[in-house]
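Encoded as structure tokens, the structure appears first; notes follow it.
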Amino acid sequence: MIVYFLRRLALTVPTFVALMFVTFVAIRLVPGDPVEVRVGEHGISPERLAYFRHQLGLDLPVWRQFLDYCWRLLHGDFGVSLSTNQKVLTEFLTLFPATIELSVCAMLFAVAIGVPAGAVAAVKRGSVYDQALMTVSLFGYSMPIFWWGLLLIMFVSVKLEWLPVSGRIDLIAYYFDQPTGFMLIDTLLSGQSGAFLDAVRHLILPAIVLGTVPLGVIARMTRSSMLEVLSEDYVRTARAKGLSPFRVIGVHALRNALLPVVTVIGLMVSSLLAGAVLTETIFSWPGVGHWLIESISRRDYPALQGGVMLVSTVVIGVNLVVDLVYGAINPRIRHGR
Amino acid sequence: MKSVVFASLGLAALLAGMPAASAKTLVYCSEGSPENFTPAINTTGTTFDAARPVYDRLTEFKRGTTEVVPGLAESWNVADGGKTITFHLRKGVKFHGVKDFTPTRDFNADDVLFSIDRQWKEDNPYHNVSGGKYDYFSDMDMPDSLESVTKTDDYTVVVKLKEANTPILANFAMDFMAIGSAEYADFLLKKGTPEQFDQVPVGTGPFYFVAYQKDSVIRFKKNPDHNFGEKALVDDLVFAITPDDTARYAKLKAGECHVNGYPRPADVAEMEKDSSLKVVHEPGLNIAYWAFNMTKPPFDNKDVRMALSMAIDRDAIIKDVYLGAGEKAKTLIPPTMWSYDDKIVDLSYDPEKAKAMLAAAGVKTPLDIDLWYQPVQRPYNPNGKRIGEMMQADLAKIGVNAKLVTFEWGEYRKRLQNAEDDTGQMGWTGDNGDPDNFFFLLGCPDGKPAGNNIPKWCNAEFNDLLAKARAIPDQAERAKLYARMQEIEHDEQPELLIAHSIVYEAMRANVEGYKQSPLGTHAFQGVDVK
């Protein structure tokens with residue numbers, strides 16, 4: 001197992017090197033200079049432009065900038081944001097809990113609904129329910145997040161007034177320290193009555209919006225995996241032994257059917273973070289997604305490079321854990337067979 | 001820095017569980033996060049709005065106008081032919097306290113000197129803190145204008161200028177001239193955390209800073225010690241950072257915020273039908289224009305410029321591109337600005353006459369020209385490409401083949417300023433409400449390469465009047481000179497003035513006392529929620 005772990009860990013090294021290169025090059029391919037982009041119609045004199053470009057190291061050859069960037073990164077230095085002058089790592093750590101909270105809730109929503117719905121669809125294969133579920137899941141999978149989010153806001157928040165429009169908490173009613181950055185935990189720590197419930201109410205719509213695509217994928221994946229498992233001999237044996245349908249499906253079939261679903265959940269982490277970019281913008285959610293978009297528009301090289309590297313580290317880390325868990329469950333994978 | 005910066009002295013009460021709902025709170029749906037809280041090192045309206053509640057300036061713009069009124073300076077004298085300004089400072093003005101800093105003295109001349117020196121003097125210990133970019137100080141020509149800034153006593157500051165410069169009084173009311181606490185700066189320097197000066201602001205303004213959470217919220221509280229100008233009428237001021245404009249509208253409609261500073265023009269008609277909301281609007285302090293490069297023929301011919309201008313149907317552009325949120329411009333300055341000359345007779349759209357004028361000027365058609373369009377949305381130009389396409393179609397009608405050209409924004413501006421174009425779209429957003437801040441765009445000094453005079457037009461009379469108006473302290477006298485300059489510009493047509501955009505702001509019907517600023521800023525002293 002240790003050899004497998006080390007092998008998997010070693011494989012992440014070229015991924016990181018490629019990432020460092022791609023993030024470094026990609027931002028520089030976007031037209032616009034970080035100094036000039038903050039200057040409006042006034043323009044900037046060539047002397048001032050040269051001075052600030054020198055200060056930021058942008059006058060060095062690109063290869064030298066890349067090596068400097070790699071060197072700093074190897075020392076855990078993600079640089080300082082050009083727009084806020086804050087350390088990139090500090091900004092990331094400030095914003096990331098909001099993204100994690102939203103992503104975890106979105107995934108919980110997707111799993112809590114997708115797995116049972118997919119399982120039932122497999123059991124009732126060919127029924128109206130099965131066909132309806134597959135249609136709905138396809139619809140959810142293809143849903144444009146921006147449109148879906150705005151639709152829910154307009155209908156649920158503005159028309160029906162059931163849930164708040166955006167943000168993480170009622171800013172007028174509640175105010176407290178946020179030591180963890182996780183609103184659900186901080187509201188409990190604050191001791192302010194009603195705050196936790198209010199935070200949950202703020203989470204519902206963005207979690208639904210972000211969880212819709214994974215929900216569609218998980219439901220379909222569970223269904224197909226279940227269908228395969230239900231035709232296995234051991235399920236037939238369990239039925240022949242006279243076990244209750246619930247026990248056959250819930251214990252014997254579903255547990256085995258979930259193995260590929262777990263892998264899919266791991267892979268969905270990256271798409272969740274991609275979806276978070278839009279969801280966070282629509283719902284004024286103070287996470288890293290919106291921050292990265294802002295960094296692009298400001299040509300904030302360090303924030304964008306550092307942010308992408310940190311997010312990628314999380315994605316790679318999650319996939320590594322999934323691989324390890326899967327390897328632990330299934331020795332064939334561990335032994336490369 | 002922690003996710004939330006707590007700076008309030010009254011924080012303990014809040015943390016003890018006292019709900020803030022009992023206090024009167026105004027929520028402003030802002031459009032983004034500030035870069036920090038020191039206007040001098042920033043250029044964005046978002047950051048200026050976020051810092052404005054905390055700070056005062058030596059002079060102020062009377063809320064809702066561009067009129068310069070006393071601020072931290074209760075009066076001033078202009079002497080020495082306009083080259084010396086003596087500011088008499090207000091006494092008994094208190095700085096805010098924050099978590100680890102309690103001021104021991106009132107505001108005085110040292111704070112003024114510090115706030116200017118930080119931007120001006122490279123040996124100031126704060127000059128390089130937080131990146132040390134002072135774009136506005138530089139853009140407003142302060143380093144070239146100032147001879148010296150000294151104090152004669154704790155409440156008198158003398159500003160000596162290299163040349164007489166009346167509009168500079170308006171510069172002192174701009175955000176970049178916010179007055180910070182020198183004592184706080186010293187305290188942080190000794191503590192080894194000078195960057196905190198820009199993250200946890202200490203000013204004398206109508207609200208004091210409480211907390212900021214990036215991309216989420218900024219909180220302020222009423223400053224009970226603010227003893228001049230307009231006072232804060234609400235107890236708490238909250239900026240709910242809401243970048244998406246549809247979400248801002250939804251929040252306003254749902255009552256989650258009271259003021260939306262940037263509604264989409266497309267939503268305005270629906271907002272106006274909603275009795276729970278009210279919408280205000282006025283022409284923005286800006287101008288969109290199409291400049292003719294007068295260093296190249298045939299644009300050096302006045303009749304050609306006039307003909308090309310008359311070929312463009314600006315009403316159609318305003319209807320289709322501005323979606324009505326624009327006002328056809330007939331002078332460089334918008335009608336909300338003093339010295340606007342309403343007597344100017346606007347050019348009419350007349351393609352037939354334009355065609356005849358081109359022929360009379362000896363221009364053979366078809367004439368091939370480049371038409372540069374702005375690659376990015378600007379406050380005065382919602383869609384440069386679309387405007388370019390409409391102009392291209394209009395010009396085709398008079399036998400002019402316009403080739404649409406553009407570049408990345410920085411490159412576009414640079415090349416245009418270097419007169420590499422034939423004709424090009426450009427625009428301007430006013431900084432300080434003074435007409436000089438618009439008319440300098442057509443002055444001869446800015447006609448040099450890299451200057452802001454895009455047509456590279458240099459008219460001796462216009463330039464002479466520009467310099468004279470700058471030196472005269474009397475506003476009525478200056479207005480006469482600016483009126484004449486508007487006539488010259490109209491007759492010479494160095495550029496076709498397209499439009500001033502109309503700026504909308506929306507709020508809940510129970511918001512009282514809010515005044516729209518022609519400068520596009522948002523201020524909340526004197527604003528109440530009923």
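Here, A, B, ... name the chains of the structure tokens in the order displayed, residue numbers run from 1 inside each chain, and ligands are numbered from 1 in the same displayed order.
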Residues of chain A within 6 Å of chain B, counting only C-alpha atoms - could you list those as a compact mmCIF listing (two decimals) with N, CA and C atoms, in the first residue's frame?
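Okay, result01.txt is ready:
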# COMPACT_ATOMS: atom_id res chain seq x y z
N GLU A 36 -1.10 48.56 -16.83
CA GLU A 36 -1.93 49.40 -17.70
C GLU A 36 -3.41 49.16 -17.46
N SER A 83 -3.47 43.75 -6.83
CA SER A 83 -4.53 44.74 -6.61
C SER A 83 -4.74 45.06 -5.13
N THR A 84 -4.62 44.06 -4.26
CA THR A 84 -4.90 44.33 -2.84
C THR A 84 -3.65 44.42 -1.98
N ASN A 85 -2.52 43.99 -2.53
CA ASN A 85 -1.27 43.93 -1.77
C ASN A 85 -1.34 42.99 -0.58
N THR A 94 -8.75 32.84 3.37
CA THR A 94 -9.91 33.59 3.85
C THR A 94 -11.17 33.17 3.09
N VAL A 158 -37.62 36.04 -4.92
CA VAL A 158 -38.32 37.29 -5.18
C VAL A 158 -39.83 37.08 -5.25
N VAL A 165 -32.12 36.05 -1.17
CA VAL A 165 -31.61 36.14 -2.54
C VAL A 165 -30.16 35.68 -2.62
N ILE A 172 -28.27 42.40 8.39
CA ILE A 172 -28.84 43.35 9.34
C ILE A 172 -29.06 42.69 10.70
N ALA A 173 -29.55 41.47 10.69
CA ALA A 173 -29.93 40.82 11.95
C ALA A 173 -28.75 40.22 12.69
N PHE A 176 -21.26 38.64 13.85
CA PHE A 176 -20.43 37.92 14.83
C PHE A 176 -19.08 37.62 14.21
N GLN A 192 -25.77 33.21 18.71
CA GLN A 192 -26.91 34.08 18.38
C GLN A 192 -28.06 33.20 17.88
N ILE A 282 -23.30 34.58 -8.91
CA ILE A 282 -24.76 34.84 -8.88
C ILE A 282 -25.23 35.08 -7.45
N SER A 284 -23.50 36.02 -4.76
CA SER A 284 -22.62 36.87 -3.94
C SER A 284 -21.97 36.04 -2.84
N PRO A 286 -18.88 34.61 -1.04
CA PRO A 286 -17.48 35.06 -0.99
C PRO A 286 -16.46 33.92 -1.01
From a DSSP calculation on the backbone, collect every residue of segment 159-222 of chain B in strand (DSSP E or B) and output the set as a PDB file with N, CA and C atoms, in the first residue's frame.
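Wrote it out as out-v7.pdb, contents follow:
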ATOM      1  N   VAL B 159      -0.366  76.132   0.793  1.00  0.00           N
ATOM      2  CA  VAL B 159      -0.014  75.396  -0.424  1.00  0.00           C
ATOM      3  C   VAL B 159       0.488  76.396  -1.451  1.00  0.00           C
ATOM      4  N   LYS B 160       1.729  76.255  -1.855  1.00  0.00           N
ATOM      5  CA  LYS B 160       2.285  77.120  -2.904  1.00  0.00           C
ATOM      6  C   LYS B 160       2.311  76.338  -4.206  1.00  0.00           C
ATOM      7  N   LEU B 161       1.821  77.008  -5.263  1.00  0.00           N
ATOM      8  CA  LEU B 161       1.734  76.355  -6.568  1.00  0.00           C
ATOM      9  C   LEU B 161       2.770  76.941  -7.517  1.00  0.00           C
ATOM     10  N   PHE B 207     -18.849  58.116   9.339  1.00  0.00           N
ATOM     11  CA  PHE B 207     -18.978  56.739   9.813  1.00  0.00           C
ATOM     12  C   PHE B 207     -17.591  56.231  10.172  1.00  0.00           C
ATOM     13  N   TYR B 208     -17.532  55.313  11.140  1.00  0.00           N
ATOM     14  CA  TYR B 208     -16.237  54.671  11.377  1.00  0.00           C
ATOM     15  C   TYR B 208     -16.296  53.209  10.954  1.00  0.00           C
ATOM     16  N   PHE B 209     -15.129  52.741  10.573  1.00  0.00           N
ATOM     17  CA  PHE B 209     -14.995  51.386  10.040  1.00  0.00           C
ATOM     18  C   PHE B 209     -15.132  50.354  11.150  1.00  0.00           C
ATOM     19  N   VAL B 210     -15.888  49.296  10.856  1.00  0.00           N
ATOM     20  CA  VAL B 210     -16.060  48.232  11.847  1.00  0.00           C
ATOM     21  C   VAL B 210     -15.413  46.938  11.374  1.00  0.00           C
ATOM     22  N   ALA B 211     -15.782  46.490  10.200  1.00  0.00           N
ATOM     23  CA  ALA B 211     -15.266  45.195   9.750  1.00  0.00           C
ATOM     24  C   ALA B 211     -15.397  45.067   8.245  1.00  0.00           C
ATOM     25  N   TYR B 212     -14.532  44.231   7.693  1.00  0.00           N
ATOM     26  CA  TYR B 212     -14.591  43.951   6.255  1.00  0.00           C
ATOM     27  C   TYR B 212     -14.349  42.475   6.036  1.00  0.00           C
ATOM     28  N   GLN B 213     -15.214  41.858   5.284  1.00  0.00           N
ATOM     29  CA  GLN B 213     -14.972  40.490   4.847  1.00  0.00           C
ATOM     30  C   GLN B 213     -14.985  40.495   3.326  1.00  0.00           C
ATOM     31  N   VAL B 217     -18.931  41.594   2.822  1.00  0.00           N
ATOM     32  CA  VAL B 217     -19.552  42.720   3.535  1.00  0.00           C
ATOM     33  C   VAL B 217     -18.523  43.710   4.069  1.00  0.00           C
ATOM     34  N   ILE B 218     -18.913  44.976   4.109  1.00  0.00           N
ATOM     35  CA  ILE B 218     -18.148  46.002   4.827  1.00  0.00           C
ATOM     36  C   ILE B 218     -19.137  46.637   5.806  1.00  0.00           C
ATOM     37  N   ARG B 219     -18.703  46.792   7.039  1.00  0.00           N
ATOM     38  CA  ARG B 219     -19.593  47.370   8.055  1.00  0.00           C
ATOM     39  C   ARG B 219     -19.014  48.672   8.600  1.00  0.00           C
ATOM     40  N   PHE B 220     -19.884  49.659   8.746  1.00  0.00           N
ATOM     41  CA  PHE B 220     -19.521  50.935   9.344  1.00  0.00           C
ATOM     42  C   PHE B 220     -20.543  51.268  10.422  1.00  0.00           C
ATOM     43  N   LYS B 221     -20.119  52.105  11.356  1.00  0.00           N
ATOM     44  CA  LYS B 221     -21.054  52.619  12.357  1.00  0.00           C
ATOM     45  C   LYS B 221     -21.021  54.138  12.353  1.00  0.00           C
ATOM     46  N   LYS B 222     -22.107  54.702  12.750  1.00  0.00           N
ATOM     47  CA  LYS B 222     -22.217  56.158  12.821  1.00  0.00           C
ATOM     48  C   LYS B 222     -21.157  56.728  13.764  1.00  0.00           C
TER      49      LYS B 222
END
Residues within 12 Å of Phe109 of chain A, please, as a ChimeraX atom specification. Count only C-alpha atoms; anything in the same chain fewer than 2 positions from it doesn't count. /A:102-107,111-116,203-216,218-219
Long-range neighbours of segment 201-206 of chain B as a ChimeraX atom specification, 10 Å cut-off, only C-alpha atoms, 4 positions minimum in chain: /B:7,36-38,51-57,72,93-98,101,103,106-107,178-182,184-185,196-197,210,220-233,524-526
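Non-sequential neighbours of Asn256 of chain A (distance at most 9 Å, separation of 3 or more positions within a chain, only C-alpha atoms) are Ser225, Met226, Val229, Val251, His252, Ala253, Leu259 and Pro260 of chain A.
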Ala269 of chain B: which residues within 12 Å, counting only C-alpha atoms, same-chain residues fewer than 2 positions away excluded, as number ranges by chain? B: 263-267, 271-274, 277-280, 323-325, 504, 506
The selected residues should be written to file as a short mmCIF file (atom, residue, chain, number, x, y, z; two decimals), in the first residue's frame (atoms: C-alpha atoms).
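Result file is selection-v5.cif:
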data_model
loop_
_atom_site.label_atom_id
_atom_site.label_comp_id
_atom_site.auth_asym_id
_atom_site.auth_seq_id
_atom_site.Cartn_x
_atom_site.Cartn_y
_atom_site.Cartn_z
CA PRO B 263 -28.91 49.03 -11.86
CA ARG B 264 -28.94 47.71 -15.42
CA PRO B 265 -30.60 50.23 -17.76
CA ALA B 266 -32.65 47.30 -19.12
CA ASP B 267 -34.24 46.83 -15.65
CA MET B 271 -38.17 49.24 -11.48
CA GLU B 272 -40.06 52.42 -12.18
CA LYS B 273 -43.33 50.50 -12.19
CA ASP B 274 -42.62 49.04 -8.75
CA LEU B 277 -38.76 51.24 -5.36
CA LYS B 278 -37.67 54.60 -6.71
CA VAL B 279 -35.20 55.36 -9.47
CA VAL B 280 -33.13 58.50 -9.96
CA LEU B 323 -30.91 51.60 -24.90
CA GLY B 324 -32.06 55.11 -24.10
CA ALA B 325 -29.55 55.49 -21.25
CA TYR B 504 -29.32 55.40 -12.95
CA ALA B 506 -32.32 52.63 -7.62
#
Determine which residues of segment 4-67 of chain A DSSP labels as alpha helix (DSSP H) from the backbone of this structure, then write them out as a ChimeraX atom specification. /A:4-29,46-55,62-67
Can you spit out the residues from that selection as a JSON list (two decimals), in the first residue's frame, using C-alpha atoms?
[["chain", "number", "residue", "atom", "x", "y", "z"],
["A", 4, "TYR", "CA", 1.21, 2.39, -4.21],
["A", 5, "PHE", "CA", 0.84, 5.63, -2.26],
["A", 6, "LEU", "CA", 4.36, 6.75, -3.12],
["A", 7, "ARG", "CA", 3.85, 5.87, -6.76],
["A", 8, "ARG", "CA", 0.64, 7.88, -6.92],
["A", 9, "LEU", "CA", 2.29, 10.76, -5.08],
["A", 10, "ALA", "CA", 5.20, 10.76, -7.52],
["A", 11, "LEU", "CA", 2.77, 10.95, -10.40],
["A", 12, "THR", "CA", 1.43, 14.24, -9.06],
["A", 13, "VAL", "CA", 4.85, 15.91, -9.48],
["A", 14, "PRO", "CA", 4.73, 16.22, -13.30],
["A", 15, "THR", "CA", 1.11, 17.34, -12.96],
["A", 16, "PHE", "CA", 2.21, 20.19, -10.71],
["A", 17, "VAL", "CA", 5.06, 21.18, -13.00],
["A", 18, "ALA", "CA", 2.69, 21.24, -15.96],
["A", 19, "LEU", "CA", 0.20, 23.27, -13.94],
["A", 20, "MET", "CA", 2.83, 25.81, -12.94],
["A", 21, "PHE", "CA", 3.76, 26.24, -16.57],
["A", 22, "VAL", "CA", 0.20, 26.39, -17.89],
["A", 23, "THR", "CA", -1.02, 28.92, -15.30],
["A", 24, "PHE", "CA", 2.05, 31.06, -15.85],
["A", 25, "VAL", "CA", 1.70, 31.07, -19.62],
["A", 26, "ALA", "CA", -2.10, 31.25, -19.82],
["A", 27, "ILE", "CA", -2.44, 34.52, -17.92],
["A", 28, "ARG", "CA", 0.28, 36.07, -20.05],
["A", 29, "LEU", "CA", -1.52, 35.09, -23.21],
["A", 46, "PRO", "CA", 6.27, 55.54, -20.30],
["A", 47, "GLU", "CA", 8.51, 56.39, -17.32],
["A", 48, "ARG", "CA", 5.88, 55.48, -14.73],
["A", 49, "LEU", "CA", 4.95, 52.36, -16.67],
["A", 50, "ALA", "CA", 8.58, 51.25, -16.78],
["A", 51, "TYR", "CA", 9.03, 52.02, -13.08],
["A", 52, "PHE", "CA", 6.06, 49.94, -11.96],
["A", 53, "ARG", "CA", 6.81, 47.11, -14.39],
["A", 54, "HIS", "CA", 10.32, 47.00, -12.92],
["A", 55, "GLN", "CA", 8.93, 46.99, -9.39],
["A", 62, "VAL", "CA", 9.70, 35.64, -19.31],
["A", 63, "TRP", "CA", 11.85, 32.57, -18.64],
["A", 64, "ARG", "CA", 13.43, 34.39, -15.70],
["A", 65, "GLN", "CA", 10.01, 35.36, -14.36],
["A", 66, "PHE", "CA", 8.94, 31.72, -14.65],
["A", 67, "LEU", "CA", 11.99, 30.44, -12.78]]
